[in-house]
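target-v2.cif (mmCIF, C-alpha atoms) appears below.
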```cif
data_final
#
loop_
_atom_site.label_atom_id
_atom_site.label_comp_id
_atom_site.auth_asym_id
_atom_site.auth_seq_id
_atom_site.Cartn_x
_atom_site.Cartn_y
_atom_site.Cartn_z
CA MET M 1 5.04 -7.63 -14.73
CA ASP M 2 4.42 -5.82 -11.45
CA LYS M 3 7.41 -4.54 -9.52
CA TYR M 4 8.51 -6.53 -6.48
CA ASN M 5 7.75 -3.91 -3.89
CA GLU M 6 4.59 -2.32 -5.21
CA VAL M 7 1.12 -3.30 -3.97
CA ASN M 8 -0.57 -2.94 -7.35
CA MET M 9 -2.31 -6.25 -7.72
CA THR M 10 -6.08 -6.41 -8.13
CA LYS M 11 -6.86 -7.28 -4.53
CA ALA M 12 -3.68 -7.23 -2.46
CA VAL M 13 -4.27 -6.93 1.29
CA PRO M 14 -2.11 -7.23 4.41
CA LEU M 15 -1.99 -10.87 5.48
CA ASN M 16 -3.25 -11.72 8.96
CA SER M 17 -4.15 -14.89 10.86
CA VAL M 18 -7.69 -13.75 11.72
CA ASP M 19 -9.12 -13.02 8.29
CA HIS M 20 -6.94 -15.48 6.40
CA SER M 21 -6.65 -18.43 8.78
CA GLU M 22 -8.10 -20.90 6.27
CA LEU M 23 -6.18 -19.77 3.20
CA ARG M 24 -3.94 -22.10 1.26
CA VAL M 25 -1.59 -21.46 -1.66
CA ILE M 26 -1.02 -23.84 -4.57
CA THR M 27 2.71 -24.10 -5.30
CA GLU M 28 2.53 -26.14 -8.50
CA ARG M 29 3.95 -24.52 -11.65
CA SER M 30 1.51 -23.97 -14.50
CA ALA M 31 0.34 -21.40 -17.02
CA ALA M 32 -3.04 -21.65 -15.30
CA TYR M 33 -1.47 -20.08 -12.22
CA GLY M 34 0.21 -17.23 -14.07
CA ASP M 35 3.62 -18.75 -14.77
CA ASP M 36 3.37 -18.18 -18.54
CA VAL M 37 5.63 -15.11 -18.49
CA TRP M 38 8.61 -14.61 -20.76
CA TYR M 39 10.91 -12.96 -18.24
CA ALA M 40 11.32 -12.56 -14.50
CA LEU M 41 12.65 -9.50 -12.70
CA THR M 42 15.75 -10.16 -10.67
CA PHE M 43 18.68 -8.47 -8.90
CA PRO M 44 22.46 -9.00 -8.51
CA LEU M 45 22.27 -11.10 -5.35
CA GLU M 46 20.23 -13.68 -7.27
CA PHE M 47 22.53 -13.86 -10.30
CA ARG M 48 24.62 -16.72 -8.87
CA SER M 49 21.55 -18.93 -8.55
CA LEU M 50 20.14 -17.92 -11.93
CA GLN M 51 23.18 -18.01 -14.19
CA ALA M 52 23.35 -21.80 -14.53
CA SER M 53 19.90 -21.96 -16.13
CA TYR M 54 18.75 -18.56 -17.42
CA PRO M 55 20.12 -15.77 -19.63
CA ILE M 56 20.39 -12.54 -17.62
CA PHE M 57 19.88 -9.23 -19.42
CA PHE M 58 18.92 -5.65 -18.63
CA GLN M 59 16.02 -3.52 -19.81
CA LYS M 60 15.09 0.14 -19.41
CA ASP M 61 11.69 0.78 -17.89
CA ALA M 62 9.84 2.93 -20.43
CA ARG M 63 7.87 4.62 -17.67
CA THR M 64 10.68 5.53 -15.26
CA GLY M 65 13.80 5.36 -17.43
CA LYS M 66 15.44 3.13 -14.83
CA PHE M 67 17.22 -0.10 -15.75
CA LEU M 68 15.85 -3.43 -14.57
CA CYS M 69 17.62 -6.78 -14.36
CA LEU M 70 15.76 -9.75 -15.78
CA ALA M 71 16.05 -13.46 -16.42
CA LEU M 72 14.82 -14.41 -19.89
CA LEU M 73 12.32 -17.30 -19.94
CA GLY M 74 11.13 -17.19 -23.55
CA PHE M 75 11.23 -15.20 -26.78
CA THR M 76 7.66 -13.86 -27.03
CA GLU M 77 4.98 -12.52 -24.70
CA GLY M 78 3.34 -15.32 -22.73
CA GLU M 79 6.01 -17.90 -23.62
CA ASN M 80 7.80 -19.62 -20.76
CA LEU M 81 10.08 -22.32 -22.15
CA TYR M 82 10.87 -23.59 -18.65
CA LEU M 83 7.29 -24.80 -18.16
CA ARG M 84 7.19 -28.37 -19.39
CA ASP M 85 4.72 -31.20 -18.74
CA GLY M 86 3.27 -29.54 -15.66
CA ARG M 87 6.59 -28.77 -14.01
CA TRP M 88 9.35 -26.18 -13.99
CA ASP M 89 12.27 -27.56 -15.98
CA ALA M 90 15.13 -26.04 -13.98
CA SER M 91 16.55 -26.68 -10.52
CA TYR M 92 16.06 -23.06 -9.45
CA VAL M 93 12.87 -21.01 -9.87
CA PRO M 94 13.39 -17.21 -9.90
CA LEU M 95 12.15 -15.43 -6.79
CA ALA M 96 9.91 -13.20 -8.90
CA ILE M 97 7.99 -16.35 -9.84
CA ARG M 98 8.17 -18.16 -6.51
CA ARG M 99 6.87 -15.23 -4.47
CA GLN M 100 3.44 -15.24 -6.12
CA PRO M 101 0.85 -14.49 -4.75
CA PHE M 102 2.75 -12.59 -2.05
CA LEU M 103 4.49 -9.25 -2.16
CA ILE M 104 6.00 -6.63 0.07
CA GLY M 105 3.67 -3.88 1.21
CA ARG M 106 3.78 -0.94 3.58
CA GLN M 107 1.52 -0.36 6.54
CA THR M 108 1.27 2.58 8.90
CA VAL M 109 1.28 1.61 12.58
CA PHE M 110 1.37 3.56 15.82
CA GLU M 111 3.91 2.59 18.47
CA GLU M 112 4.20 4.57 21.71
CA GLY M 113 2.23 7.41 20.15
CA GLN M 114 4.46 7.65 17.08
CA GLU M 115 3.46 6.90 13.52
CA LYS M 116 5.73 4.39 11.81
CA ASN M 117 5.80 2.87 8.35
CA GLN M 118 6.74 -0.80 8.29
CA ARG M 119 7.01 -3.60 5.74
CA VAL M 120 4.35 -6.29 5.92
CA VAL M 121 3.45 -9.33 3.86
CA HIS M 122 0.56 -8.75 1.45
CA ILE M 123 -1.35 -11.40 -0.47
CA ASP M 124 -3.34 -11.08 -3.70
CA LEU M 125 -6.67 -12.69 -2.86
CA GLU M 126 -7.64 -12.89 -6.54
CA ASN M 127 -4.55 -14.82 -7.55
CA PRO M 128 -5.59 -18.28 -8.84
CA ARG M 129 -3.17 -19.94 -6.41
CA VAL M 130 -5.15 -18.68 -3.41
CA ASN M 131 -7.95 -20.92 -2.11
CA SER M 132 -9.15 -22.65 1.05
CA GLU M 133 -8.94 -26.29 -0.01
CA LYS M 134 -5.69 -27.16 -1.78
CA GLY M 135 -2.03 -26.32 -1.33
CA GLU M 136 0.19 -25.06 1.48
CA ALA M 137 -1.49 -23.75 4.63
CA LEU M 138 -0.45 -20.26 5.72
CA PHE M 139 -1.24 -20.63 9.41
CA LEU M 140 -1.14 -23.50 11.88
CA GLN M 141 -4.40 -24.91 13.18
CA HIS M 142 -3.85 -23.60 16.69
CA GLY M 143 -2.19 -20.33 15.69
CA GLY M 144 1.13 -19.13 14.39
CA ASN M 145 2.73 -19.07 10.97
CA SER M 146 3.14 -22.30 9.04
CA PRO M 147 6.68 -23.30 7.93
CA TYR M 148 5.63 -22.38 4.39
CA LEU M 149 4.69 -18.83 5.41
CA ASP M 150 7.98 -18.47 7.26
CA GLN M 151 9.74 -19.42 4.01
CA VAL M 152 7.70 -16.82 2.16
CA ALA M 153 8.71 -14.14 4.69
CA ASP M 154 12.37 -15.09 4.26
CA MET M 155 11.98 -14.95 0.48
CA LEU M 156 10.38 -11.51 0.56
CA GLU M 157 13.15 -10.27 2.84
CA ALA M 158 15.75 -11.59 0.40
CA ILE M 159 13.97 -9.72 -2.40
CA HIS M 160 13.92 -6.53 -0.33
CA GLN M 161 17.65 -6.81 0.40
CA GLY M 162 18.40 -7.62 -3.23
CA LEU M 163 16.49 -4.64 -4.54
CA GLY M 164 18.38 -2.46 -2.09
CA GLN M 165 21.60 -3.41 -3.88
CA ASN M 166 20.14 -3.04 -7.35
CA GLU M 167 20.18 0.76 -7.56
CA GLY M 168 23.88 0.98 -6.69
CA PHE M 169 24.74 -1.83 -9.09
CA ILE M 170 23.00 -0.19 -12.04
CA ALA M 171 24.52 3.18 -11.14
CA ALA M 172 27.99 1.62 -11.23
CA LEU M 173 27.33 -0.01 -14.62
CA LEU M 174 26.18 3.30 -16.07
CA ALA M 175 29.01 5.29 -14.50
CA HIS M 176 31.58 3.03 -16.17
CA GLU M 177 29.62 2.71 -19.44
CA LEU M 178 29.27 -1.04 -18.98
CA LEU M 179 25.79 -1.39 -20.48
CA GLU M 180 25.24 -1.61 -24.22
CA SER M 181 22.06 -2.18 -26.18
CA PHE M 182 21.77 -5.17 -28.47
CA THR M 183 19.31 -6.95 -30.72
CA LEU M 184 19.00 -10.71 -30.35
CA ASP M 185 18.14 -12.39 -33.65
CA ILE M 186 16.87 -15.95 -33.23
CA THR M 187 16.50 -18.22 -36.27
CA LEU M 188 14.91 -21.58 -35.56
CA ASP M 189 15.53 -24.83 -37.42
CA ASN M 190 12.30 -24.37 -39.40
CA GLY M 191 13.35 -20.90 -40.54
CA GLU M 192 11.11 -19.04 -38.11
CA ARG M 193 12.73 -15.86 -36.84
CA ASN M 194 12.37 -14.05 -33.53
CA GLN M 195 13.95 -10.67 -32.85
CA LEU M 196 14.35 -9.30 -29.35
CA VAL M 197 14.95 -5.56 -29.12
CA GLY M 198 15.22 -3.14 -26.21
CA PHE M 199 17.59 -5.28 -24.18
CA TYR M 200 21.01 -4.42 -22.80
CA THR M 201 24.01 -6.51 -21.89
CA ILE M 202 27.50 -6.03 -20.44
CA ASN M 203 29.94 -4.21 -22.72
CA GLU M 204 32.84 -6.63 -22.52
CA ASP M 205 35.25 -4.39 -24.43
CA ARG M 206 34.63 -1.58 -21.99
CA LEU M 207 35.02 -3.95 -19.05
CA ARG M 208 38.47 -5.02 -20.28
CA GLN M 209 39.54 -1.37 -20.45
CA LEU M 210 38.84 -0.66 -16.77
CA ASP M 211 41.90 -0.07 -14.59
CA GLY M 212 42.80 -2.13 -11.56
CA GLU M 213 41.52 0.40 -9.05
CA THR M 214 38.09 0.54 -10.67
CA LEU M 215 37.88 -3.26 -10.85
CA ALA M 216 38.86 -3.45 -7.18
CA GLN M 217 36.08 -1.00 -6.29
CA LEU M 218 33.52 -3.04 -8.24
CA HIS M 219 34.74 -6.20 -6.54
CA SER M 220 34.60 -4.63 -3.08
CA ALA M 221 30.99 -3.56 -3.67
CA GLY M 222 30.05 -7.10 -4.77
CA TYR M 223 29.32 -5.95 -8.31
CA LEU M 224 32.14 -7.61 -10.23
CA GLU M 225 30.90 -11.12 -9.52
CA ALA M 226 27.41 -10.14 -10.67
CA ILE M 227 28.87 -8.73 -13.89
CA PHE M 228 30.68 -11.98 -14.66
CA MET M 229 27.61 -14.03 -13.74
CA ALA M 230 25.50 -12.01 -16.16
CA MET M 231 28.08 -12.50 -18.91
CA ALA M 232 28.35 -16.24 -18.31
CA SER M 233 24.57 -16.65 -18.24
CA GLN M 234 24.18 -15.70 -21.89
CA SER M 235 25.22 -19.19 -22.96
CA ASN M 236 21.71 -20.21 -21.84
CA VAL M 237 20.22 -18.52 -24.91
CA ARG M 238 21.25 -21.70 -26.72
CA ARG M 239 19.24 -23.75 -24.22
CA LEU M 240 16.18 -21.62 -24.90
CA MET M 241 16.65 -22.03 -28.65
CA ASP M 242 16.95 -25.81 -28.33
CA GLU M 243 13.73 -25.98 -26.29
CA LYS M 244 11.93 -23.69 -28.73
CA ASN M 245 13.06 -25.88 -31.66
CA ARG M 246 11.86 -28.98 -29.84
CA ARG M 247 8.40 -27.53 -29.28
CA VAL M 248 8.06 -26.17 -32.79
CA ALA M 249 8.97 -29.63 -34.09
CA GLY M 250 6.27 -31.13 -31.86
CA GLY M 251 8.66 -32.74 -29.38
#
```

Rewrite the coordinates I just gave you, this time as structure tokens.
Amino acid sequence: MDKYNEVNMTKAVPLNSVDHSELRVITERSAAYGDDVWYALTFPLEFRSLQASYPIFFQKDARTGKFLCLALLGFTEGENLYLRDGRWDASYVPLAIRRQPFLIGRQTVFEEGQEKNQRVVHIDLENPRVNSEKGEALFLQHGGNSPYLDQVADMLEAIHQGLGQNEGFIAALLAHELLESFTLDITLDNGERNQLVGFYTINEDRLRQLDGETLAQLHSAGYLEAIFMAMASQSNVRRLMDEKNRRVAGG
């Protein structure tokens, strides 16, 4: 999956009301629109919203060596167990999913003779959600952003702020040895087995050994709540297993 703040889609361009005045975006949830992914990238500020429905784990990026936070949606590539009968079967859809086909990009502008680099909304024109006939309008008929586009801008800003906290959060987990690797073995009712490797979770034994001052520091930084949210979220693995069993059984 592409990173939140990288313009690396096939045809991502800065959004503007002149060239894109007629564009619309389909907001329905379907594999046909690219929602058939088995995890979604996330960040600590989103954990509270996610933990009621999704298991939250961590994974090391093989390319950069940096740890990523993710919400698990399925057990195999291309499997999203929250897509059901043409809808998303959870009250909250992760921002990594909802933001499509938009992303944060950078654009160089000149103000008062000085070159500045600013964040701007980009849109992937080749995304199947983008068209000129169906879905949410991006701009009003007589000019200005539509309410939907304003929501998108707010969402992208939330992502930007969340990612800003992510680096410090991961650094704190590593500094206190709070991440441990694990293998998730899933055995379905029909005997089928799935094994997930390369994931990390919170080391609860190590967490219990931390002194009061360290816990206070984690709490002050807003990290302790995220740690507990991630731990609590793992009960949702059972929900994923139940849904997988239902589909395997033809339900």

Exercise for review: Output the residue selection produced by the PyMOL selection byres ((chain M and resi 22) around 10) on the file above, formatted as a ChimeraX atom specification.
Suggested key: /M:17-21,23-24,131-133,137-141

Point to revise | Expected selection from the PyMOL selection byres ((chain M and resi 55-72) around 8), given as a PyMOL selection string | key: chain M and resi 38-44+47+50-51+53-54+73-75+94+170+198-201+230-231+233-237

Practice item. For atom CA of Val152 of chain M and atom CA of Ala232 of chain M, determine how far apart the two atoms are, in Å to one decimal place. Key: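 So the answer is 29.1 Å.
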
To verify the selection step, state as a PDB file with C-alpha atoms, keeping the file's coordinate frame which residues the PyMOL selection byres ((chain M and resi 197) around 9) yields on this input.
```
ATOM      1  CA  SER M 181      22.060  -2.180 -26.180  1.00  0.00           C
ATOM      2  CA  PHE M 182      21.770  -5.170 -28.470  1.00  0.00           C
ATOM      3  CA  THR M 183      19.310  -6.950 -30.720  1.00  0.00           C
ATOM      4  CA  LEU M 184      19.000 -10.710 -30.350  1.00  0.00           C
ATOM      5  CA  ASP M 185      18.140 -12.390 -33.650  1.00  0.00           C
ATOM      6  CA  GLN M 195      13.950 -10.670 -32.850  1.00  0.00           C
ATOM      7  CA  LEU M 196      14.350  -9.300 -29.350  1.00  0.00           C
ATOM      8  CA  GLY M 198      15.220  -3.140 -26.210  1.00  0.00           C
ATOM      9  CA  PHE M 199      17.590  -5.280 -24.180  1.00  0.00           C
ATOM     10  CA  TYR M 200      21.010  -4.420 -22.800  1.00  0.00           C
TER      11      TYR M 200
END
```

Sphere at (7.7, -5.4, 8.8), radius 12 Å, counting all atoms listed in the file: residues as an mmCIF file with C-alpha atoms, in the frame of the given file:
```
data_model
loop_
_atom_site.group_PDB
_atom_site.id
_atom_site.type_symbol
_atom_site.label_atom_id
_atom_site.label_comp_id
_atom_site.auth_asym_id
_atom_site.auth_seq_id
_atom_site.Cartn_x
_atom_site.Cartn_y
_atom_site.Cartn_z
ATOM 1 C CA PRO M 14 -2.110 -7.230 4.410
ATOM 2 C CA LEU M 15 -1.990 -10.870 5.480
ATOM 3 C CA ILE M 104 6.000 -6.630 0.070
ATOM 4 C CA GLY M 105 3.670 -3.880 1.210
ATOM 5 C CA ARG M 106 3.780 -0.940 3.580
ATOM 6 C CA GLN M 107 1.520 -0.360 6.540
ATOM 7 C CA THR M 108 1.270 2.580 8.900
ATOM 8 C CA VAL M 109 1.280 1.610 12.580
ATOM 9 C CA LYS M 116 5.730 4.390 11.810
ATOM 10 C CA ASN M 117 5.800 2.870 8.350
ATOM 11 C CA GLN M 118 6.740 -0.800 8.290
ATOM 12 C CA ARG M 119 7.010 -3.600 5.740
ATOM 13 C CA VAL M 120 4.350 -6.290 5.920
ATOM 14 C CA VAL M 121 3.450 -9.330 3.860
ATOM 15 C CA HIS M 122 0.560 -8.750 1.450
ATOM 16 C CA ALA M 153 8.710 -14.140 4.690
ATOM 17 C CA ASP M 154 12.370 -15.090 4.260
ATOM 18 C CA LEU M 156 10.380 -11.510 0.560
ATOM 19 C CA GLU M 157 13.150 -10.270 2.840
ATOM 20 C CA HIS M 160 13.920 -6.530 -0.330
#
```

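Comparing M:Leu173, M:Ile97, M:Leu188, M:Leu218 by their smallest distance to Asn203 of chain M, the closest is M:Leu173 (using all atoms listed in the file).
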
Exercise for review: Grab the atom CA of Ile186 of chain M to atom CA of Ser91 of chain M distance for me, in Å with one decimal place.
Suggested key: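 Atom CA of Ile186 of chain M sits 25.1 Å away from atom CA of Ser91 of chain M.
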
Review point. Quick one, how far is atom CA of Asp89 of chain M from atom CA of Ile227 of chain M?
Key: 25.2 Å

Check your understanding: Nearest to Leu45 of chain M: which of M:Leu95, M:Ile123, M:Leu174, M:Leu215 is it, counting all atoms listed in the file?
Key ->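 Selected residue with least distance to Leu45 of chain M: M:Leu95.
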
Check your understanding: Of the candidates M:Thr214, M:Thr187, M:Ser220, M:Gln151, which one gets nearest to Ala175 of chain M if we count only C-alpha atoms?
Key ->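 Smallest distance to Ala175 of chain M is found for M:Thr214.
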
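Using all atoms listed in the file, the shortest contact distance between Gly222 of chain M and any of M:Ile159, M:Asn166, M:Leu81, M:Phe102 is found at M:Asn166.
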
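Residue nearest Arg247 of chain M within the list M:Ala172, M:Leu210, M:Leu163, M:Leu83: M:Leu83 [criterion: smallest interatomic distance, only C-alpha atoms].
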